[in-house]
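Q: Quick one: the structure is below, and I'll ask about it shortly.
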Amino acid sequence: MPVADTSQLISGVAERYASSLFDLALEAGSVEAVGADLTRVQALIDGSDDLKRLIVSPVFSADDQFKAISAIAAKAGISGLVGNFLKVVARNRRLFTLPGMIKAFRLIAARHRGEISADVTSAHALTAAQETELKAALKSVTGKDVTVNVTVDPSILGGLIVKVGSRQIDTSLRTKLSTLKLALKEVG
């Protein structure tokens with residue numbers, strides 16, 4: 001199966017699960033609480049190579065994944081809708097799409113609140129002041145409140161890559177250096 005097809009499959013699965021979770025959260029009046037729990041789950045994934053391996057590796061059985069994710073959720077105090085959601089996802093062998101589900105849930109929740117979402121890649125973690133300034137700049141461009149999802153990627157060296165919908169603004173140092181290198185090759 002080509003890579004594009006695989007990512008499309010993951011995206012479709014992630015959307016369906018996230019949409020179902022959002023509907024349940026909306027019904028229960030707990031969209032914010034579910035969003036906060038999912039943010040904690042994402043932080044756990046980002047902070048543990050073992051957890052990343054558990055969710056992406058096909059080596060672990062559904063039962064192993066179910067037991068492990070149940071124990072992790074219990075230890076982290078994640079129960080209720082998100083706790084049950086994690087168990088269902090593990091039982092259905094869909095943990096590999098969990099980061100995509102979290103991202104999709106955030107997008108659906110933001111859309112519901114009338115916000116748009118921006119994916120920001122930065123070489124370093126943003127301070128609260130920088131994040132506030134970025135949100136204000138994006139609001140002035142888009143005319144809407146913007147939820148910012150920041151990913152740290154030291155390989156971009158400096159600057160930011162901001163993606164809002166289908167628009168992408170790349171001010172990363174890596175891209176600028178690549179452009180300069182290309183320009184020098186054309187001159188030489």
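Convention: chains lettered A, B, ... in structure tokens order; per-chain residue numbering from 1; ligands numbered from 1 as shown.
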Find the residues of segment 17-81 of chain A that sit at most 10 Å from segment 91-110 of chain A; for each, write down the nearest two atoms and how far apart they are in Å, to one decimal. Count only C-alpha atoms. Sort by chain, then by number going up, and give it as CSV.
A:
```
residue,atom,partner,partner_atom,distance
A:Tyr17,CA,A:Met101,CA,6.5
A:Ala18,CA,A:Phe105,CA,4.8
A:Ser19,CA,A:Phe105,CA,6.7
A:Ser20,CA,A:Phe105,CA,9.3
A:Leu21,CA,A:Phe105,CA,7.7
A:Phe22,CA,A:Phe105,CA,6.5
A:Asp23,CA,A:Ile108,CA,9.9
A:Ala25,CA,A:Ala109,CA,9.9
A:Leu26,CA,A:Ala109,CA,9.3
A:Val31,CA,A:Ala109,CA,7.3
A:Glu32,CA,A:Ala109,CA,8.5
A:Val34,CA,A:Phe105,CA,9.3
A:Gly35,CA,A:Arg106,CA,6.9
A:Ala36,CA,A:Arg106,CA,9.9
A:Asp37,CA,A:Ile102,CA,9.9
A:Leu38,CA,A:Ile102,CA,6.2
A:Thr39,CA,A:Ile102,CA,7.7
A:Val41,CA,A:Ile102,CA,8.6
A:Gln42,CA,A:Pro99,CA,6.8
A:Ile45,CA,A:Pro99,CA,8.4
A:Asp46,CA,A:Pro99,CA,9.7
A:Lys52,CA,A:Phe96,CA,8.8
A:Arg53,CA,A:Phe96,CA,9.3
A:Leu54,CA,A:Leu95,CA,8.4
A:Ile55,CA,A:Leu95,CA,5.0
A:Val56,CA,A:Phe96,CA,4.5
A:Ser57,CA,A:Phe96,CA,7.7
A:Pro58,CA,A:Phe96,CA,8.8
A:Phe60,CA,A:Arg93,CA,9.7
A:Ser61,CA,A:Arg93,CA,8.4
A:Ala62,CA,A:Arg91,CA,5.6
A:Asp63,CA,A:Arg91,CA,7.0
A:Asp64,CA,A:Arg91,CA,9.5
A:Gln65,CA,A:Arg91,CA,7.7
A:Phe66,CA,A:Arg91,CA,5.8
A:Lys67,CA,A:Arg91,CA,9.5
A:Ile69,CA,A:Leu95,CA,9.2
```
Q: Which residues, written as a list in words, have at least one atom at most 10 Å from Thr147 of chain A, with only C-alpha atoms counted and residues fewer than 6 positions away on the same chain left out?
A: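 My reading of the contact set: Arg106, Leu107, Ala110, Arg111, Glu115, Ile116, Ser117, Ala118, Asp119, Lys135, Leu138, Lys139 and Val164 of chain A.
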Q: What residues in segment 63-183 of chain A get the DSSP label helix (DSSP H, G or I)? Please answer as JSON, numbers by chain.
A: {"A": [63, 64, 65, 66, 67, 68, 69, 70, 71, 72, 73, 74, 75, 76, 80, 81, 82, 83, 84, 85, 86, 87, 88, 89, 90, 91, 95, 96, 97, 98, 99, 100, 101, 102, 103, 104, 105, 106, 107, 108, 109, 110, 111, 112, 128, 129, 130, 131, 132, 133, 134, 135, 136, 137, 138, 139, 140, 141, 142, 154, 155, 156, 173, 174, 175, 176, 177, 178, 179, 180, 181, 182, 183]}
Q: Choose the residue, out of A:Leu177, A:Val148, A:Ala76, A:Leu126, that has the smallest atom-to-atom separation from Arg40 of chain A; count only C-alpha atoms.
A: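 Checking each candidate against Arg40 of chain A, we get A:Ala76 as the closest.
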Q: Quick one: pick out all strand (DSSP E) residues within segment 98-164 of chain A from a backbone DSSP run and write them as a list in words.
A: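 Answer for segment 98-164 of chain A, restricted to strand (DSSP E): Ile116, Ser117, Ala118, Asp119, Val120, Thr121, Ser122, Val146, Thr147, Val148, Asn149, Val150, Thr151, Val152, Leu160, Ile161, Val162, Lys163 and Val164 of chain A.
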Q: Suppose you want the space between atom CA of Asp145 of chain A and atom CA of Ile169 of chain A; what is it in Å?
A: 18.0 Å
Q: Do a neighbour search on segment 172-174 of chain A at 6 Å with only C-alpha atoms, toss out local chain neighbours closer than 2 positions, and write the hits as an MDAnalysis selection string.
A: chainID A and resid 156:160 170 176:177
Q: Emit the selected residues as an mmCIF file, in the first residue's frame, including all heavy atoms.
A:
```cif
data_model
loop_
_atom_site.group_PDB
_atom_site.id
_atom_site.type_symbol
_atom_site.label_atom_id
_atom_site.label_comp_id
_atom_site.auth_asym_id
_atom_site.auth_seq_id
_atom_site.Cartn_x
_atom_site.Cartn_y
_atom_site.Cartn_z
ATOM 1 N N ILE A 156 14.631 22.384 12.127
ATOM 2 C CA ILE A 156 14.355 23.560 11.282
ATOM 3 C C ILE A 156 15.312 24.710 11.622
ATOM 4 O O ILE A 156 15.289 25.744 10.969
ATOM 5 C CB ILE A 156 12.879 24.023 11.332
ATOM 6 C CG1 ILE A 156 12.507 24.634 12.673
ATOM 7 C CG2 ILE A 156 11.935 22.899 10.935
ATOM 8 C CD1 ILE A 156 11.162 25.371 12.660
ATOM 9 N N LEU A 157 16.142 24.513 12.656
ATOM 10 C CA LEU A 157 17.209 25.427 13.067
ATOM 11 C C LEU A 157 16.713 26.718 13.705
ATOM 12 O O LEU A 157 17.224 27.154 14.719
ATOM 13 C CB LEU A 157 18.158 25.745 11.906
ATOM 14 C CG LEU A 157 18.802 24.540 11.222
ATOM 15 C CD1 LEU A 157 19.624 24.991 10.028
ATOM 16 C CD2 LEU A 157 19.665 23.757 12.189
ATOM 17 N N GLY A 158 15.751 27.391 13.118
ATOM 18 C CA GLY A 158 15.208 28.641 13.651
ATOM 19 C C GLY A 158 14.002 29.045 12.848
ATOM 20 O O GLY A 158 13.676 28.422 11.841
ATOM 21 N N GLY A 159 13.302 30.086 13.293
ATOM 22 C CA GLY A 159 12.115 30.533 12.579
ATOM 23 C C GLY A 159 10.915 29.655 12.888
ATOM 24 O O GLY A 159 10.926 28.871 13.838
ATOM 25 N N LEU A 160 9.880 29.783 12.070
ATOM 26 C CA LEU A 160 8.638 29.036 12.267
ATOM 27 C C LEU A 160 8.114 28.509 10.942
ATOM 28 O O LEU A 160 8.380 29.082 9.887
ATOM 29 C CB LEU A 160 7.539 29.956 12.837
ATOM 30 C CG LEU A 160 7.717 30.568 14.203
ATOM 31 C CD1 LEU A 160 6.592 31.562 14.468
ATOM 32 C CD2 LEU A 160 7.738 29.502 15.278
ATOM 33 N N ASP A 170 6.453 29.459 5.643
ATOM 34 C CA ASP A 170 7.681 28.809 6.110
ATOM 35 C C ASP A 170 8.790 29.846 6.232
ATOM 36 O O ASP A 170 9.329 30.314 5.248
ATOM 37 C CB ASP A 170 8.067 27.702 5.125
ATOM 38 C CG ASP A 170 9.235 26.857 5.621
ATOM 39 O OD1 ASP A 170 9.975 27.314 6.526
ATOM 40 O OD2 ASP A 170 9.415 25.754 5.094
ATOM 41 N N LYS A 176 15.373 28.658 4.369
ATOM 42 C CA LYS A 176 16.118 29.813 3.852
ATOM 43 C C LYS A 176 17.511 29.384 3.378
ATOM 44 O O LYS A 176 17.978 29.828 2.331
ATOM 45 C CB LYS A 176 16.224 30.901 4.923
ATOM 46 C CG LYS A 176 14.914 31.619 5.150
ATOM 47 C CD LYS A 176 15.053 32.689 6.217
ATOM 48 C CE LYS A 176 13.706 33.370 6.419
ATOM 49 N NZ LYS A 176 13.745 34.395 7.446
ATOM 50 N N LEU A 177 18.160 28.504 4.139
ATOM 51 C CA LEU A 177 19.485 28.010 3.743
ATOM 52 C C LEU A 177 19.402 27.186 2.467
ATOM 53 O O LEU A 177 20.257 27.300 1.592
ATOM 54 C CB LEU A 177 20.125 27.196 4.874
ATOM 55 C CG LEU A 177 20.585 27.993 6.096
ATOM 56 C CD1 LEU A 177 21.003 27.044 7.221
ATOM 57 C CD2 LEU A 177 21.733 28.927 5.737
#
```
